[in-house]
Structures are given as structure tokens and as C-alpha cells.
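What follows is a set of notes on a single structure, which appears directly below.
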Amino acid sequence: MAKQSEIRFKIALNDNNVPQDIKWLATDTQTEELRDCKSIMISIWDALQKETLKIDLWTTEMTVDEMHSHFFQTLLSMADSYQKATKNPYVKEDMKLFAETLAKKTAEWESTKG
């Protein structure tokens, strides 16, 4: 049998089903303890339906600045993953440029919010 790995998430919800606490554990890491995180963005390809399923969760403790960072870092990592998977030489630079432009516009927008 091939090696198997498991990733688990434990999510504590408040009375309105909003995440208050998110913890995760991967079976092939050095630690056996659940680790804290404030946000997860999971994208799953459903081969049968030929569509993407996604789970986006963040705790009430996550700041807007942290969400900006998480989102932009995710965009950049998606560019790397997509280029690695497809060998498309254009997507990585274009996605990085898009992420940088969006980050600048977001910073400008944040500075005008009062």
C-alpha cells in the first residue's frame, strides 16, 4: 500500500456558526499537536462534477490586514502552483503582476477609508 497522509481541521463555532477557533494537523509533520490558524482557503477539484468546490473560513480574531496578507500570498502561491502544474510560461508573471496591482489598489483604498 502506498503511503497515506491526512490533514485534519478542528473548528470551534459560536452560536451563529461563525468560526471562533481553527486548528489543524497534518499526519506527516514532526508535531502531533493541533496548530492554531486564523483562516483556511481550501479548493477541491470534484472530478465527477468537473467543478471546483471551496471552503473559506476565518475566525473573528483575524484582522483585515491579516486577511489582505493571506489573500495576496495565496494568489502568489496559486501562480507558482499553476505554472508548475501546466508549464504555462505566461501565467506566473501575469498573476504576480495582478496580485501586486491589486495589493497597491487595496492599500490605496484602505488609506481612504478614514
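As shown in the C-alpha cells, the chain order sets the letters A, B, ...; within each chain, residues go from 1, and ligands are also counted from 1 in the order they appear.
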
If you count only C-alpha atoms, which residues fall within 9 Å of Ala99 (chain A), apart from same-chain ones fewer than 2 positions away, as a CSV table (one decimal) with N, CA and C atoms, in the first residue's frame?
chain,number,residue,atom,x,y,z
A,72,PHE,N,-3.3,37.8,-0.6
A,72,PHE,CA,-2.3,38.1,-1.7
A,72,PHE,C,-1.2,37.0,-1.7
A,73,GLN,N,-0.9,36.5,-0.5
A,73,GLN,CA,0.1,35.4,-0.5
A,73,GLN,C,-0.5,34.1,-1.2
A,75,LEU,N,-2.8,34.2,-3.7
A,75,LEU,CA,-2.7,34.5,-5.1
A,75,LEU,C,-1.3,34.1,-5.7
A,76,LEU,N,-0.3,34.6,-5.0
A,76,LEU,CA,1.1,34.4,-5.4
A,76,LEU,C,1.4,32.9,-5.4
A,94,ASP,N,2.0,37.1,-15.1
A,94,ASP,CA,0.8,37.9,-15.2
A,94,ASP,C,0.0,37.8,-13.8
A,95,MET,N,0.0,36.7,-13.2
A,95,MET,CA,-0.8,36.6,-11.9
A,95,MET,C,0.0,37.4,-10.8
A,96,LYS,N,1.3,37.3,-10.9
A,96,LYS,CA,2.1,38.1,-9.9
A,96,LYS,C,1.8,39.6,-10.1
A,97,LEU,N,1.8,40.0,-11.3
A,97,LEU,CA,1.6,41.4,-11.6
A,97,LEU,C,0.2,41.8,-11.2
A,101,THR,N,-0.6,44.6,-8.4
A,101,THR,CA,-1.5,45.8,-8.7
A,101,THR,C,-2.7,45.8,-7.7
A,102,LEU,N,-3.3,44.7,-7.5
A,102,LEU,CA,-4.4,44.6,-6.6
A,102,LEU,C,-4.0,45.0,-5.2
A,103,ALA,N,-2.8,44.6,-4.7
A,103,ALA,CA,-2.3,45.0,-3.4
A,103,ALA,C,-2.1,46.5,-3.3
A,104,LYS,N,-1.6,47.1,-4.3
A,104,LYS,CA,-1.4,48.6,-4.4
A,104,LYS,C,-2.8,49.3,-4.3

> Which neighbours of Ala26 (chain A) fall inside 6 Å, counting only C-alpha atoms, when residues of the same chain fewer than 2 positions from it are skipped, and could you give them as a ChimeraX atom specification?
Replying inline: /A:6-7,28-29

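Across the model, the gap from CA of Ile42 (chain A) to CA of Lys54 (chain A) is 5.4 Å.
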
Distance table requested - region 20-52 of chain A against region 61-69 of chain A, cut-off 12 Å, only C-alpha atoms: one row per qualifying residue with the closest atom pair and its distance in Å to one decimal, ordered by chain and rising residue number, as JSON lines.
{"residue": "A:Gln20", "atom": "CA", "partner": "A:Glu61", "partner_atom": "CA", "distance": 7.4}
{"residue": "A:Asp21", "atom": "CA", "partner": "A:Glu61", "partner_atom": "CA", "distance": 8.4}
{"residue": "A:Ile22", "atom": "CA", "partner": "A:Glu61", "partner_atom": "CA", "distance": 10.5}
{"residue": "A:Asp36", "atom": "CA", "partner": "A:Glu61", "partner_atom": "CA", "distance": 11.8}
{"residue": "A:Cys37", "atom": "CA", "partner": "A:Met62", "partner_atom": "CA", "distance": 9.2}
{"residue": "A:Lys38", "atom": "CA", "partner": "A:Met62", "partner_atom": "CA", "distance": 5.7}
{"residue": "A:Ser39", "atom": "CA", "partner": "A:Met62", "partner_atom": "CA", "distance": 7.4}
{"residue": "A:Ile40", "atom": "CA", "partner": "A:Met67", "partner_atom": "CA", "distance": 10.5}
{"residue": "A:Met41", "atom": "CA", "partner": "A:Met67", "partner_atom": "CA", "distance": 11.1}

Restrict the selected residues to C-alpha atoms and save them as a CSV table (one decimal), in the first residue's frame.
chain,number,residue,atom,x,y,z
A,20,GLN,CA,-14.1,31.3,16.7
A,21,ASP,CA,-11.1,29.0,16.6
A,22,ILE,CA,-9.4,26.9,13.9
A,36,ASP,CA,-3.6,27.3,15.6
A,37,CYS,CA,-4.6,29.2,12.4
A,38,LYS,CA,-7.0,32.1,11.7
A,39,SER,CA,-8.0,31.3,8.2
A,40,ILE,CA,-8.2,28.4,5.7
A,41,MET,CA,-9.0,28.5,2.0

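Counting only C-alpha atoms, the residue from A:Lys87, A:Phe9, A:Glu32, A:Tyr82 that sits nearest to Ile55 (chain A) is A:Phe9.
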
Running DSSP on the backbone, which parts of region 44-107 of chain A land in strand (DSSP E), as a PDB file with C-alpha atoms, in the first residue's frame?
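File written: selection_19.pdb
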ATOM      1  CA  ILE A  44     -11.057  20.910  -4.189  1.00  0.00           C
ATOM      2  CA  TRP A  45     -11.494  19.628  -7.745  1.00  0.00           C
ATOM      3  CA  ASP A  46     -14.509  17.345  -7.970  1.00  0.00           C
ATOM      4  CA  GLU A  51     -16.075  21.703 -10.866  1.00  0.00           C
ATOM      5  CA  THR A  52     -14.221  23.348  -8.034  1.00  0.00           C
ATOM      6  CA  LEU A  53     -15.568  23.132  -4.516  1.00  0.00           C
ATOM      7  CA  LYS A  54     -14.206  25.508  -1.937  1.00  0.00           C
ATOM      8  CA  ILE A  55     -14.190  26.149   1.742  1.00  0.00           C
ATOM      9  CA  ASP A  56     -13.219  29.598   3.015  1.00  0.00           C
ATOM     10  CA  LEU A  57     -13.245  30.073   6.774  1.00  0.00           C
ATOM     11  CA  TRP A  58     -11.737  32.695   9.032  1.00  0.00           C
TER      12      TRP A  58
END

>> Would you compute the distance between CA of Thr27 (chain A) and CA of Ser77 (chain A)? Give it in Å to one decimal.
In response: 22.5 Å

> Among region 27-110 of chain A, which ones does DSSP place in helix (DSSP H, G or I), written as a ChimeraX atom specification?
Replying inline: /A:64-86,91-110

Selected residues written out with N, CA and C atoms, as a compact mmCIF listing (two decimals), in the first residue's frame:
# COMPACT_ATOMS: atom_id res chain seq x y z
N VAL A 64 -8.30 42.53 9.29
CA VAL A 64 -8.39 42.82 7.86
C VAL A 64 -7.00 42.81 7.24
N ASP A 65 -6.01 43.36 7.93
CA ASP A 65 -4.64 43.34 7.41
C ASP A 65 -4.13 41.91 7.23
N GLU A 66 -4.45 41.04 8.18
CA GLU A 66 -4.06 39.63 8.05
C GLU A 66 -4.77 38.98 6.86
N MET A 67 -6.04 39.33 6.65
CA MET A 67 -6.78 38.78 5.51
C MET A 67 -6.17 39.25 4.20
N HIS A 68 -5.80 40.54 4.13
CA HIS A 68 -5.12 41.04 2.93
C HIS A 68 -3.86 40.20 2.66
N SER A 69 -3.04 40.04 3.68
CA SER A 69 -1.79 39.28 3.50
C SER A 69 -2.07 37.84 3.09
N HIS A 70 -3.00 37.20 3.77
CA HIS A 70 -3.32 35.81 3.43
C HIS A 70 -3.81 35.71 1.99
N PHE A 71 -4.68 36.59 1.59
CA PHE A 71 -5.25 36.55 0.25
C PHE A 71 -4.17 36.76 -0.81
N PHE A 72 -3.34 37.79 -0.64
CA PHE A 72 -2.32 38.09 -1.65
C PHE A 72 -1.24 37.00 -1.69
N GLN A 73 -0.86 36.47 -0.54
CA GLN A 73 0.10 35.36 -0.54
C GLN A 73 -0.50 34.12 -1.20
N THR A 74 -1.81 33.91 -1.03
CA THR A 74 -2.48 32.79 -1.68
C THR A 74 -2.48 32.97 -3.20
N LEU A 75 -2.76 34.19 -3.67
CA LEU A 75 -2.71 34.45 -5.10
C LEU A 75 -1.33 34.15 -5.67
N LEU A 76 -0.29 34.59 -4.96
CA LEU A 76 1.08 34.36 -5.44
C LEU A 76 1.43 32.88 -5.44
N SER A 77 0.99 32.16 -4.42
CA SER A 77 1.28 30.72 -4.39
C SER A 77 0.49 29.98 -5.45
N MET A 78 -0.72 30.45 -5.76
CA MET A 78 -1.50 29.85 -6.84
C MET A 78 -0.79 30.03 -8.18
N ALA A 79 -0.18 31.18 -8.38
CA ALA A 79 0.58 31.42 -9.62
C ALA A 79 1.71 30.42 -9.74
N ASP A 80 2.43 30.19 -8.65
CA ASP A 80 3.52 29.21 -8.66
C ASP A 80 3.00 27.81 -8.94
N SER A 81 1.91 27.43 -8.27
CA SER A 81 1.34 26.09 -8.45
C SER A 81 0.85 25.88 -9.87
N TYR A 82 0.15 26.88 -10.40
CA TYR A 82 -0.39 26.75 -11.75
C TYR A 82 0.72 26.63 -12.79
N GLN A 83 1.76 27.43 -12.64
CA GLN A 83 2.88 27.36 -13.57
C GLN A 83 3.58 26.01 -13.47
N LYS A 84 3.75 25.52 -12.27
CA LYS A 84 4.40 24.22 -12.06
C LYS A 84 3.57 23.09 -12.67
N ALA A 85 2.26 23.15 -12.51
CA ALA A 85 1.38 22.09 -13.00
C ALA A 85 1.21 22.11 -14.51
N THR A 86 1.15 23.30 -15.10
CA THR A 86 0.82 23.40 -16.53
C THR A 86 2.01 23.72 -17.42
N VAL A 91 1.54 32.62 -17.23
CA VAL A 91 0.60 32.81 -16.13
C VAL A 91 1.28 33.31 -14.85
N LYS A 92 2.45 32.80 -14.54
CA LYS A 92 3.10 33.16 -13.27
C LYS A 92 3.36 34.66 -13.19
N GLU A 93 3.96 35.22 -14.22
CA GLU A 93 4.27 36.65 -14.19
C GLU A 93 3.01 37.50 -14.25
N ASP A 94 2.04 37.10 -15.06
CA ASP A 94 0.79 37.86 -15.15
C ASP A 94 0.03 37.84 -13.83
N MET A 95 -0.04 36.68 -13.20
CA MET A 95 -0.75 36.59 -11.92
C MET A 95 -0.02 37.37 -10.84
N LYS A 96 1.30 37.32 -10.86
CA LYS A 96 2.07 38.11 -9.88
C LYS A 96 1.85 39.60 -10.10
N LEU A 97 1.84 40.03 -11.33
CA LEU A 97 1.59 41.44 -11.63
C LEU A 97 0.18 41.83 -11.18
N PHE A 98 -0.81 40.97 -11.45
CA PHE A 98 -2.17 41.22 -11.00
C PHE A 98 -2.23 41.35 -9.47
N ALA A 99 -1.59 40.42 -8.76
CA ALA A 99 -1.60 40.44 -7.30
C ALA A 99 -0.93 41.71 -6.78
N GLU A 100 0.18 42.11 -7.38
CA GLU A 100 0.87 43.33 -6.95
C GLU A 100 0.00 44.57 -7.21
N THR A 101 -0.65 44.63 -8.37
CA THR A 101 -1.52 45.75 -8.70
C THR A 101 -2.71 45.80 -7.75
N LEU A 102 -3.31 44.65 -7.49
CA LEU A 102 -4.44 44.59 -6.57
C LEU A 102 -4.02 44.99 -5.15
N ALA A 103 -2.84 44.59 -4.74
CA ALA A 103 -2.33 44.96 -3.41
C ALA A 103 -2.15 46.48 -3.31
N LYS A 104 -1.61 47.09 -4.35
CA LYS A 104 -1.44 48.55 -4.35
C LYS A 104 -2.79 49.27 -4.30
N LYS A 105 -3.73 48.81 -5.11
CA LYS A 105 -5.07 49.42 -5.11
C LYS A 105 -5.75 49.23 -3.76
N THR A 106 -5.56 48.07 -3.18
CA THR A 106 -6.15 47.80 -1.87
C THR A 106 -5.55 48.71 -0.80
N ALA A 107 -4.24 48.90 -0.84
CA ALA A 107 -3.58 49.79 0.11
C ALA A 107 -4.10 51.22 -0.05
N GLU A 108 -4.26 51.66 -1.29
CA GLU A 108 -4.81 52.99 -1.54
C GLU A 108 -6.24 53.10 -1.01
N TRP A 109 -7.04 52.09 -1.26
CA TRP A 109 -8.42 52.07 -0.79
C TRP A 109 -8.47 52.10 0.73
N GLU A 110 -7.62 51.30 1.37
CA GLU A 110 -7.58 51.25 2.85
C GLU A 110 -7.21 52.63 3.40

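Proximity to Lys23 (chain A) was assessed for A:Thr112, A:Gln4, A:Thr59, A:Tyr90 counting only C-alpha atoms; the smallest distance is recorded for A:Thr59.
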
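For the atom pair formed by CA of Thr60 (chain A) and CA of Ala12 (chain A), the distance is 11.2 Å, given to one decimal.
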